[in-house]
Amino acid sequence: MSEEVGSMLAVYDDPSDQHSLSFGGDTSSTEESPGETRLSLQPTNDHIPYIGQRFSTHDEAYEFYSDFAKSCGFSIRRHRTEGKDGVGKGLTRRYFVCHRAGNTPAKSTNETKPQRNRKSSRCGCQAYMRISKTTEFGPPEWRVTGFGNHHNHELLEPNQVRFLPAYRTISDVDKNRILMFAKTGISVHQMMRLMELEKCVEPGYLPFTEKDVRNLLQSFRKLDPEEENLDLLRMCRNIKERDPNFKFEYTLDANNRLENIAWSYASSIQLYDIFGDAVVFDTTHRLTAFDMPLGIWVGINNYGMPCFFGCVLLRDETVRSYSWAIKAFLGFMNGKAPQTILTDQNSCLKDALSAEMSITKHALCIWMIVAKFPSWFNAVVGERYNEWKAEFYRLYNLESVEDFELGWREMVCSFGLHTNRHIVNLYSLRSLWALPYLRSHFLAGMTTTGLSKSINAFIQRFLSAQTRLAHFVEQVAVAVDFKDQTGEQQTMQQNLQNVCLKTGAPMESHAATVLTPFAFSKLQEELVLAAHYASFSVEDGFLVRHHTKVEGGRKVYWSPHEGIISCSCHQFEFSGILCRHTLRVLSTGNCFQIPDTYLPIRWRRISVPSSKLVHNAPNDHAERVKLFQNMVSSLITESAKSKERLDTATEQVSILLSRIREQPISLQCARDISTINRNL
C-alpha cells in the first residue's frame, strides 16, 4: 500500500460519530458560499438523490445514498433522528451526513491511561441527505426532503475511496476462510495474497486490508484468559489420548491459573535421540496476542535441515521460569542433555542453564547478535559500517585465539570504539560467540549463514497469525508435520542425486556411500583441499601445512593401532567432519577408508523417524479426517506461493474431487460424517 493511501487510512479511520450538525430548515441544500465549498466530483451514474424521491424503508434510502457517495468519492454515516410529537411517537425523520461532517470533540484526559493521538477526519462538512416518513400516498414510506452535495474538502478518486472504513467489509464467507488460514499458521500477508488469487483481483484490491484482517483475528483473541487456559490444557490432553507418546508439562499459579506449559511430539523425541547433540533454544519471540514469552528448541538433522524438538510458553522471563522449562525439556528427552546449546544473550537464561545443564557448553547464537548491529553501530561508524561489519566477520571466523585478540584491538583502534558499550559487552562475552573460543565444541555447523537462516525461517512458521492460544499448539503441530513431510521429500531428492567424485581417492568413494549428500559435500571440500597440503613426521605426530608455506602449520596426532586421530584445528570436534590436515595424514599413511569413529552416526545415511502422522496413523474415522485437514492445510500453504502453483492445485483437486464423488457412501459413513461435521 502506498504512503499516500496509508496516510489517508490514518485520517479516515475516525471512530467518533456523535457531533451535531445544523441544517437550515427544510431546504433542499445547505446554504454555503462558493468560496468556502468544493463541488463534488460528478458521479459515474444518474442515481443522484432529489427532493421527493421515495423509499420503502430508511435502510433502503441509506443504501442508495451510500452508493451515490461512493461514486462521488466520500462515505456517509447516520447522524440525527427525530420523532413526531416527542419521544415514543415513532421515528419520522432521519439525517445521513458526509463522514467528515461535524467537528472533533475535546477528549477528556486521563493521566493513568495512555492516549491515542490519532488525527480526526472531521472538518465540518455540510453535505447531507434528509428523509421524512409520510403516509399521504397510502402505506408508510420515506421521502427525500433535504439534500446538499457541497463539500469543504477534497473528494477521493475511485482507487482511494475503497479504503474508507465504510467500504472495507469482510463477508462471513471470507471470515471463515481467514480463520481457516489462521489455523494453518500462514501469515496475514500470505492470506491476502491467496485470497487475491482465489478472487482473481489485483494485489491490494480486496474489499478489506491487512489491518482489517489483523483486527478480525484480534477480536477472536479477546476471550476469557482462564477459559483460554482450560482450552489449551484440554487440547493437550486430547492430543495425549490420541498419541500416548505426546508429552506435555505445565504449572499452575496460586490462583490455579496456567503459569507455564511445555510440550514435545513423539517424532521430535526420536529425532532428539540422534540429533540432540547441538540445540538452539530461541527465546527471542513472544506471542503478542497473549503477552507470553515463547521458547523453541530446534536442531539440525543429518541432511542439514532444521528439526523441531520442543516448545514452551512462559508466564515471565525469570531464572525460575527458565529453570522449569529446561527441566521439563530434559524430562521429555529422558534426561539427555545436549553437548552444546545456543541461545540469545539473556542473563536469567544463562543462570538457569548453569544450574540445570551444568555439563552442557553454552554459546550465543551469532545471528541473534548480528541482527542487533544496525541499531548498535550504524550511527556510530557511519559510512564505514559495512567495512566494520566485514572486519567483524573476519575476526569471528579466525582459528587462533591469539589472532582474534590482536585483530580485535586493532579493529577497536581503527574505528574509534574504545568506549562503545556494545563493543565492551561483546568483548566481555567473546568466549561465548567468537569461533576461536568455540572450535573445540560441537555446533553441527549451526553457526554458518545458510543454516542459521534456515533455522530462523523454520521458527518463523510458528509465529504467524494465531487466533486462540489452544490453536497455537495445533499450528506448531501443522508446521512440524509439514516440515517433516517436506524434509522427507528433500531427503529423497538428495539421495537420488548422483554423487560426483572429485579426487578418485578410495576414502572419497567410501565416504560417499556412508554419509548423507549434505555431510559428504562438506567432507569432499576438505578432501580436495588436502591435496594442497604437505605432511611432515615429527616427534609426537605430524606437522601439516600448505605447500606454499615454509613455516607454521597444524599439529596432527595419529595412532593407527588405537584408531585415534586429532588435529590442533579442532574441526572434527566442531563440525563432526574431518579436516584437510587429518585427511592428508591418513592419505600419506596409506589409509583407504576413514575410520568408523570419524563417520559419526548423526551424519550418516540412516533411517530417521518420519512424520509422527505416519508413525501414528489413526484408525478412527474422525482422526483420519483431522489428518486430512492437516494435509489440506499444507496444500494451501504451498499452492498460495504463486499463481502457477494455485492453478495446478486447483486443476488436480478438481479431478480428484470428481473421482471421490463417484465413490459410494455407506449409511454408517454418512452417520460418521454427520457427527464429525457437528464436532468440527
# chains A, B, ... in the order shown; residues from 1 in each chain; ligands from 1

$ closest_atom_pairs --of "stretch 289-335 of chain A" --to "stretch 435-454 of chain A" --cutoff "10 Å" --atoms "only C-alpha atoms" --output "CSV"
residue,atom,partner,partner_atom,distance
A:Gly299,CA,A:Met446,CA,8.3
A:Ile300,CA,A:Ala444,CA,7.1
A:Asn301,CA,A:Ala444,CA,9.0
A:Asn302,CA,A:Ala444,CA,9.4
A:Gly304,CA,A:Leu451,CA,7.4
A:Met305,CA,A:Ser454,CA,7.5
A:Pro306,CA,A:Ser454,CA,6.9

$ residues_around --residues "stretch 386-393 of chain A" --least-positions-apart "5" --cutoff "10 Å" --atoms "only C-alpha atoms" --output "CSV table (one decimal) with C-alpha atoms, in the first residue's frame"
chain,number,residue,atom,x,y,z
A,370,VAL,CA,24.3,-9.7,14.3
A,373,PHE,CA,24.2,-4.5,14.7
A,374,PRO,CA,22.3,-1.9,12.6
A,377,PHE,CA,26.7,0.5,15.2
A,378,ASN,CA,25.1,2.1,12.1
A,381,VAL,CA,30.6,4.2,12.5
A,398,LEU,CA,39.5,-16.8,12.7
A,407,GLY,CA,42.8,-8.2,15.5
A,408,TRP,CA,40.1,-7.1,17.9
A,411,MET,CA,39.6,-3.0,15.0
A,412,VAL,CA,38.7,-1.1,18.1
A,414,SER,CA,40.8,1.7,13.7
A,415,PHE,CA,37.1,2.6,14.2
A,434,ALA,CA,33.7,-16.0,18.8

$ select_by_dssp --residues "stretch 82-324 of chain A" --states "helix (DSSP H, G or I)" --output "ChimeraX atom specification"
/A:158-161,165-167,172-184,188-199,210-221,225-242,266-275,319-324

$ residues_around --residues "A:Ala640" --least-positions-apart "4" --cutoff "10 Å" --atoms "only C-alpha atoms" --output "list in words"
Ile186, Gln190, Met191, Met192, Arg193, Leu194, Met195, Glu196, Leu197, Glu198, Leu635, Ile636, Glu644, Arg645, Leu646, Asp647 and Ala649 of chain A

$ write_last_selection --atoms "all heavy atoms" --output "short mmCIF file (atom, residue, chain, number, x, y, z; two decimals), in the first residue's frame"
data_model
loop_
_atom_site.label_atom_id
_atom_site.label_comp_id
_atom_site.auth_asym_id
_atom_site.auth_seq_id
_atom_site.Cartn_x
_atom_site.Cartn_y
_atom_site.Cartn_z
N ILE A 186 -0.32 -19.74 8.41
CA ILE A 186 0.24 -18.84 7.41
C ILE A 186 0.06 -17.40 7.86
O ILE A 186 -0.81 -17.09 8.66
CB ILE A 186 -0.38 -19.06 6.01
CG1 ILE A 186 -1.87 -18.66 6.00
CG2 ILE A 186 -0.21 -20.48 5.56
CD1 ILE A 186 -2.51 -18.75 4.62
N GLN A 190 0.29 -13.66 3.56
CA GLN A 190 0.03 -14.82 2.71
C GLN A 190 -1.47 -15.04 2.52
O GLN A 190 -1.91 -15.43 1.44
CB GLN A 190 0.68 -16.06 3.32
CG GLN A 190 2.19 -16.08 3.23
CD GLN A 190 2.79 -17.24 3.99
OE1 GLN A 190 2.38 -17.57 5.10
NE2 GLN A 190 3.78 -17.89 3.41
N MET A 191 -2.25 -14.79 3.59
CA MET A 191 -3.71 -14.91 3.46
C MET A 191 -4.23 -13.96 2.39
O MET A 191 -5.05 -14.35 1.54
CB MET A 191 -4.39 -14.57 4.80
CG MET A 191 -4.13 -15.52 5.94
SD MET A 191 -5.03 -14.94 7.40
CE MET A 191 -4.16 -15.84 8.68
N MET A 192 -3.78 -12.71 2.44
CA MET A 192 -4.23 -11.71 1.47
C MET A 192 -3.86 -12.13 0.06
O MET A 192 -4.68 -12.04 -0.87
CB MET A 192 -3.61 -10.34 1.81
CG MET A 192 -4.01 -9.77 3.15
SD MET A 192 -5.74 -9.26 3.25
CE MET A 192 -5.70 -7.79 2.23
N ARG A 193 -2.64 -12.59 -0.12
CA ARG A 193 -2.18 -13.00 -1.46
C ARG A 193 -3.01 -14.16 -1.98
O ARG A 193 -3.41 -14.18 -3.16
CB ARG A 193 -0.70 -13.38 -1.40
CG ARG A 193 -0.10 -13.85 -2.71
CD ARG A 193 -0.15 -12.78 -3.76
NE ARG A 193 0.42 -13.23 -5.01
CZ ARG A 193 0.00 -12.88 -6.20
NH1 ARG A 193 -1.02 -12.05 -6.33
NH2 ARG A 193 0.58 -13.30 -7.30
N LEU A 194 -3.28 -15.13 -1.12
CA LEU A 194 -4.05 -16.30 -1.53
C LEU A 194 -5.47 -15.91 -1.92
O LEU A 194 -5.99 -16.38 -2.94
CB LEU A 194 -4.07 -17.33 -0.40
CG LEU A 194 -4.81 -18.64 -0.68
CD1 LEU A 194 -4.26 -19.32 -1.92
CD2 LEU A 194 -4.73 -19.57 0.51
N MET A 195 -6.09 -15.03 -1.14
CA MET A 195 -7.47 -14.63 -1.44
C MET A 195 -7.53 -13.76 -2.70
O MET A 195 -8.52 -13.80 -3.44
CB MET A 195 -8.08 -13.91 -0.24
CG MET A 195 -8.18 -14.81 0.99
SD MET A 195 -9.00 -14.06 2.40
CE MET A 195 -10.71 -14.24 1.94
N GLU A 196 -6.49 -12.99 -2.96
CA GLU A 196 -6.43 -12.23 -4.21
C GLU A 196 -6.38 -13.18 -5.41
O GLU A 196 -7.06 -12.96 -6.42
CB GLU A 196 -5.19 -11.32 -4.22
CG GLU A 196 -5.32 -10.12 -3.30
CD GLU A 196 -4.00 -9.43 -3.04
OE1 GLU A 196 -2.94 -9.97 -3.46
OE2 GLU A 196 -4.00 -8.36 -2.40
N LEU A 197 -5.60 -14.25 -5.27
CA LEU A 197 -5.52 -15.23 -6.35
C LEU A 197 -6.85 -15.96 -6.53
O LEU A 197 -7.30 -16.19 -7.65
CB LEU A 197 -4.39 -16.24 -6.06
CG LEU A 197 -2.96 -15.69 -6.13
CD1 LEU A 197 -1.97 -16.71 -5.59
CD2 LEU A 197 -2.60 -15.33 -7.56
N GLU A 198 -7.47 -16.31 -5.41
CA GLU A 198 -8.75 -17.02 -5.47
C GLU A 198 -9.83 -16.16 -6.14
O GLU A 198 -10.65 -16.67 -6.91
CB GLU A 198 -9.21 -17.40 -4.07
CG GLU A 198 -8.41 -18.53 -3.43
CD GLU A 198 -8.87 -18.84 -2.03
OE1 GLU A 198 -9.52 -17.98 -1.41
OE2 GLU A 198 -8.61 -19.95 -1.56
N LEU A 635 -1.26 -28.21 1.69
CA LEU A 635 -1.50 -27.99 0.26
C LEU A 635 -1.81 -26.51 0.00
O LEU A 635 -1.29 -25.92 -0.95
CB LEU A 635 -2.67 -28.86 -0.20
CG LEU A 635 -3.15 -28.64 -1.64
CD1 LEU A 635 -2.07 -29.04 -2.63
CD2 LEU A 635 -4.43 -29.43 -1.91
N ILE A 636 -2.62 -25.91 0.85
CA ILE A 636 -2.98 -24.50 0.68
C ILE A 636 -1.75 -23.62 0.83
O ILE A 636 -1.51 -22.70 0.04
CB ILE A 636 -4.06 -24.10 1.71
CG1 ILE A 636 -5.39 -24.80 1.38
CG2 ILE A 636 -4.25 -22.58 1.75
CD1 ILE A 636 -6.44 -24.63 2.44
N GLU A 644 0.82 -19.99 -10.62
CA GLU A 644 1.00 -21.26 -11.34
C GLU A 644 0.73 -22.44 -10.42
O GLU A 644 0.07 -23.41 -10.80
CB GLU A 644 2.43 -21.34 -11.90
CG GLU A 644 2.72 -20.36 -13.04
CD GLU A 644 2.88 -18.92 -12.55
OE1 GLU A 644 3.08 -18.73 -11.32
OE2 GLU A 644 2.79 -18.01 -13.38
N ARG A 645 1.25 -22.37 -9.20
CA ARG A 645 1.00 -23.45 -8.24
C ARG A 645 -0.48 -23.58 -7.93
O ARG A 645 -1.02 -24.68 -7.83
CB ARG A 645 1.78 -23.21 -6.94
CG ARG A 645 3.28 -23.49 -7.03
CD ARG A 645 3.89 -23.45 -5.66
NE ARG A 645 5.31 -23.81 -5.68
CZ ARG A 645 6.02 -24.09 -4.59
NH1 ARG A 645 5.43 -24.07 -3.41
NH2 ARG A 645 7.28 -24.40 -4.68
N LEU A 646 -1.13 -22.43 -7.74
CA LEU A 646 -2.56 -22.45 -7.41
C LEU A 646 -3.37 -23.03 -8.56
O LEU A 646 -4.31 -23.81 -8.34
CB LEU A 646 -3.04 -21.04 -7.08
CG LEU A 646 -4.46 -20.94 -6.51
CD1 LEU A 646 -4.57 -21.65 -5.17
CD2 LEU A 646 -4.88 -19.48 -6.37
N ASP A 647 -3.00 -22.68 -9.79
CA ASP A 647 -3.72 -23.22 -10.95
C ASP A 647 -3.56 -24.74 -11.03
O ASP A 647 -4.52 -25.48 -11.27
CB ASP A 647 -3.18 -22.59 -12.24
CG ASP A 647 -3.59 -21.12 -12.37
OD1 ASP A 647 -4.52 -20.72 -11.66
OD2 ASP A 647 -2.96 -20.39 -13.16
N ALA A 649 -2.80 -26.82 -8.54
CA ALA A 649 -3.50 -27.45 -7.42
C ALA A 649 -5.01 -27.48 -7.68
O ALA A 649 -5.68 -28.49 -7.42
CB ALA A 649 -3.20 -26.70 -6.12
#

$ residues_around --residues "A:Arg545" --least-positions-apart "3" --cutoff "8 Å" --atoms "only C-alpha atoms" --output "list of chain:residue names"
A:Tyr533, A:Ala534, A:Ser535, A:Lys549, A:Glu551, A:Gly552, A:Gly553, A:Arg554, A:His581

$ write_last_selection --atoms "all heavy atoms" --output "PDB file, in the first residue's frame"
ATOM      1  N   TYR A 533      48.233 -29.825   0.619  1.00  0.00           N
ATOM      2  CA  TYR A 533      48.994 -29.753   1.867  1.00  0.00           C
ATOM      3  C   TYR A 533      50.084 -30.816   1.908  1.00  0.00           C
ATOM      4  O   TYR A 533      49.940 -31.897   1.332  1.00  0.00           O
ATOM      5  CB  TYR A 533      48.057 -29.906   3.071  1.00  0.00           C
ATOM      6  CG  TYR A 533      47.250 -28.655   3.355  1.00  0.00           C
ATOM      7  CD1 TYR A 533      46.186 -28.297   2.534  1.00  0.00           C
ATOM      8  CD2 TYR A 533      47.570 -27.830   4.418  1.00  0.00           C
ATOM      9  CE1 TYR A 533      45.455 -27.147   2.775  1.00  0.00           C
ATOM     10  CE2 TYR A 533      46.836 -26.671   4.674  1.00  0.00           C
ATOM     11  CZ  TYR A 533      45.792 -26.338   3.844  1.00  0.00           C
ATOM     12  OH  TYR A 533      45.083 -25.192   4.081  1.00  0.00           O
ATOM     13  N   ALA A 534      51.143 -30.468   2.607  1.00  0.00           N
ATOM     14  CA  ALA A 534      52.257 -31.406   2.809  1.00  0.00           C
ATOM     15  C   ALA A 534      52.287 -31.815   4.274  1.00  0.00           C
ATOM     16  O   ALA A 534      51.952 -31.019   5.152  1.00  0.00           O
ATOM     17  CB  ALA A 534      53.576 -30.742   2.415  1.00  0.00           C
ATOM     18  N   SER A 535      52.658 -33.057   4.542  1.00  0.00           N
ATOM     19  CA  SER A 535      52.740 -33.533   5.922  1.00  0.00           C
ATOM     20  C   SER A 535      54.168 -33.945   6.243  1.00  0.00           C
ATOM     21  O   SER A 535      54.862 -34.542   5.406  1.00  0.00           O
ATOM     22  CB  SER A 535      51.787 -34.709   6.145  1.00  0.00           C
ATOM     23  OG  SER A 535      52.183 -35.825   5.388  1.00  0.00           O
ATOM     24  N   LYS A 549      53.691 -22.718   2.049  1.00  0.00           N
ATOM     25  CA  LYS A 549      54.199 -22.168   3.299  1.00  0.00           C
ATOM     26  C   LYS A 549      55.475 -22.900   3.729  1.00  0.00           C
ATOM     27  O   LYS A 549      55.635 -24.105   3.481  1.00  0.00           O
ATOM     28  CB  LYS A 549      53.149 -22.289   4.412  1.00  0.00           C
ATOM     29  CG  LYS A 549      51.788 -21.670   4.081  1.00  0.00           C
ATOM     30  CD  LYS A 549      51.870 -20.158   4.011  1.00  0.00           C
ATOM     31  CE  LYS A 549      50.497 -19.559   3.778  1.00  0.00           C
ATOM     32  NZ  LYS A 549      50.537 -18.076   3.694  1.00  0.00           N
ATOM     33  N   GLU A 551      56.633 -22.126   7.020  1.00  0.00           N
ATOM     34  CA  GLU A 551      56.545 -22.099   8.474  1.00  0.00           C
ATOM     35  C   GLU A 551      55.094 -22.342   8.907  1.00  0.00           C
ATOM     36  O   GLU A 551      54.167 -22.247   8.105  1.00  0.00           O
ATOM     37  CB  GLU A 551      57.016 -20.751   9.034  1.00  0.00           C
ATOM     38  CG  GLU A 551      58.496 -20.479   8.828  1.00  0.00           C
ATOM     39  CD  GLU A 551      58.916 -19.156   9.442  1.00  0.00           C
ATOM     40  OE1 GLU A 551      58.011 -18.411   9.891  1.00  0.00           O
ATOM     41  OE2 GLU A 551      60.114 -18.871   9.458  1.00  0.00           O
ATOM     42  N   GLY A 552      54.934 -22.619  10.190  1.00  0.00           N
ATOM     43  CA  GLY A 552      53.595 -22.808  10.736  1.00  0.00           C
ATOM     44  C   GLY A 552      52.992 -24.138  10.346  1.00  0.00           C
ATOM     45  O   GLY A 552      53.681 -25.081   9.941  1.00  0.00           O
ATOM     46  N   GLY A 553      51.715 -24.238  10.447  1.00  0.00           N
ATOM     47  CA  GLY A 553      51.014 -25.467  10.133  1.00  0.00           C
ATOM     48  C   GLY A 553      50.210 -25.977  11.316  1.00  0.00           C
ATOM     49  O   GLY A 553      50.176 -25.366  12.387  1.00  0.00           O
ATOM     50  N   ARG A 554      49.537 -27.121  11.106  1.00  0.00           N
ATOM     51  CA  ARG A 554      48.708 -27.737  12.134  1.00  0.00           C
ATOM     52  C   ARG A 554      49.338 -29.028  12.625  1.00  0.00           C
ATOM     53  O   ARG A 554      49.920 -29.791  11.851  1.00  0.00           O
ATOM     54  CB  ARG A 554      47.307 -28.021  11.590  1.00  0.00           C
ATOM     55  CG  ARG A 554      46.520 -26.776  11.239  1.00  0.00           C
ATOM     56  CD  ARG A 554      46.270 -25.928  12.455  1.00  0.00           C
ATOM     57  NE  ARG A 554      45.544 -24.706  12.150  1.00  0.00           N
ATOM     58  CZ  ARG A 554      45.344 -23.725  13.020  1.00  0.00           C
ATOM     59  NH1 ARG A 554      45.818 -23.843  14.252  1.00  0.00           N
ATOM     60  NH2 ARG A 554      44.683 -22.640  12.673  1.00  0.00           N
ATOM     61  N   HIS A 581      43.756 -31.452   7.190  1.00  0.00           N
ATOM     62  CA  HIS A 581      45.042 -31.831   7.770  1.00  0.00           C
ATOM     63  C   HIS A 581      45.049 -33.307   8.148  1.00  0.00           C
ATOM     64  O   HIS A 581      46.008 -34.036   7.845  1.00  0.00           O
ATOM     65  CB  HIS A 581      45.334 -30.962   8.995  1.00  0.00           C
ATOM     66  CG  HIS A 581      45.041 -29.504   8.779  1.00  0.00           C
ATOM     67  ND1 HIS A 581      43.974 -28.863   9.378  1.00  0.00           N
ATOM     68  CD2 HIS A 581      45.652 -28.582   8.004  1.00  0.00           C
ATOM     69  CE1 HIS A 581      43.950 -27.591   9.002  1.00  0.00           C
ATOM     70  NE2 HIS A 581      44.966 -27.394   8.151  1.00  0.00           N
TER      71      HIS A 581
END

$ residues_around --residues "A:Arg315" --least-positions-apart "4" --cutoff "9 Å" --atoms "only C-alpha atoms" --output "number ranges by chain"
A: 258-260, 291-293, 321

$ residues_around --residues "A:Pro139" --least-positions-apart "3" --cutoff "12 Å" --atoms "only C-alpha atoms" --output "list in words"
Arg54, Phe55, Ser56, Thr57, Lys133, Thr134, Thr135, Glu136 and Trp142 of chain A

$ write_last_selection --atoms "N, CA and C atoms" --output "PDB file, in the first residue's frame"
ATOM      1  N   ARG A  54     -38.642   8.672  -3.302  1.00  0.00           N
ATOM      2  CA  ARG A  54     -39.312   7.830  -2.311  1.00  0.00           C
ATOM      3  C   ARG A  54     -38.587   6.498  -2.117  1.00  0.00           C
ATOM      4  N   PHE A  55     -38.662   5.995  -0.852  1.00  0.00           N
ATOM      5  CA  PHE A  55     -38.062   4.711  -0.490  1.00  0.00           C
ATOM      6  C   PHE A  55     -39.014   3.980   0.445  1.00  0.00           C
ATOM      7  N   SER A  56     -39.001   2.670   0.359  1.00  0.00           N
ATOM      8  CA  SER A  56     -39.890   1.864   1.210  1.00  0.00           C
ATOM      9  C   SER A  56     -39.450   1.900   2.667  1.00  0.00           C
ATOM     10  N   THR A  57     -38.144   1.902   2.901  1.00  0.00           N
ATOM     11  CA  THR A  57     -37.613   1.904   4.268  1.00  0.00           C
ATOM     12  C   THR A  57     -36.459   2.898   4.355  1.00  0.00           C
ATOM     13  N   LYS A 133     -40.703  10.537   7.005  1.00  0.00           N
ATOM     14  CA  LYS A 133     -41.717   9.491   6.867  1.00  0.00           C
ATOM     15  C   LYS A 133     -43.064  10.126   6.543  1.00  0.00           C
ATOM     16  N   THR A 134     -43.755   9.543   5.560  1.00  0.00           N
ATOM     17  CA  THR A 134     -45.054  10.092   5.158  1.00  0.00           C
ATOM     18  C   THR A 134     -46.023   8.966   4.844  1.00  0.00           C
ATOM     19  N   THR A 135     -47.325   9.243   5.011  1.00  0.00           N
ATOM     20  CA  THR A 135     -48.369   8.258   4.690  1.00  0.00           C
ATOM     21  C   THR A 135     -49.406   8.846   3.741  1.00  0.00           C
ATOM     22  N   GLU A 136     -49.099  10.002   3.129  1.00  0.00           N
ATOM     23  CA  GLU A 136     -50.102  10.669   2.301  1.00  0.00           C
ATOM     24  C   GLU A 136     -50.377   9.937   0.999  1.00  0.00           C
ATOM     25  N   TRP A 142     -40.708   6.586   2.907  1.00  0.00           N
ATOM     26  CA  TRP A 142     -39.748   7.630   3.260  1.00  0.00           C
ATOM     27  C   TRP A 142     -39.456   8.462   2.009  1.00  0.00           C
TER      28      TRP A 142
END

$ residues_around --residues "A:Phe248" --least-positions-apart "3" --cutoff "7 Å" --atoms "only C-alpha atoms" --output "JSON, numbers by chain"
{"A": [262, 263, 264]}

$ atom_distance --atom1 "atom CA of A:Leu156" --atom2 "atom CA of A:Asp67"
14.2 Å

$ closest_residue --among "A:Leu330, A:Leu164, A:Ile341, A:Met129" --to "A:Leu432" --atoms "only C-alpha atoms"
A:Ile341

$ closest_residue --among "A:Ala278, A:Ala266, A:Ala512, A:Met507" --to "A:Glu573" --atoms "only C-alpha atoms"
A:Ala278

$ atom_distance --atom1 "atom CA of A:Asn238" --atom2 "atom CA of A:Gly276"
27.3 Å
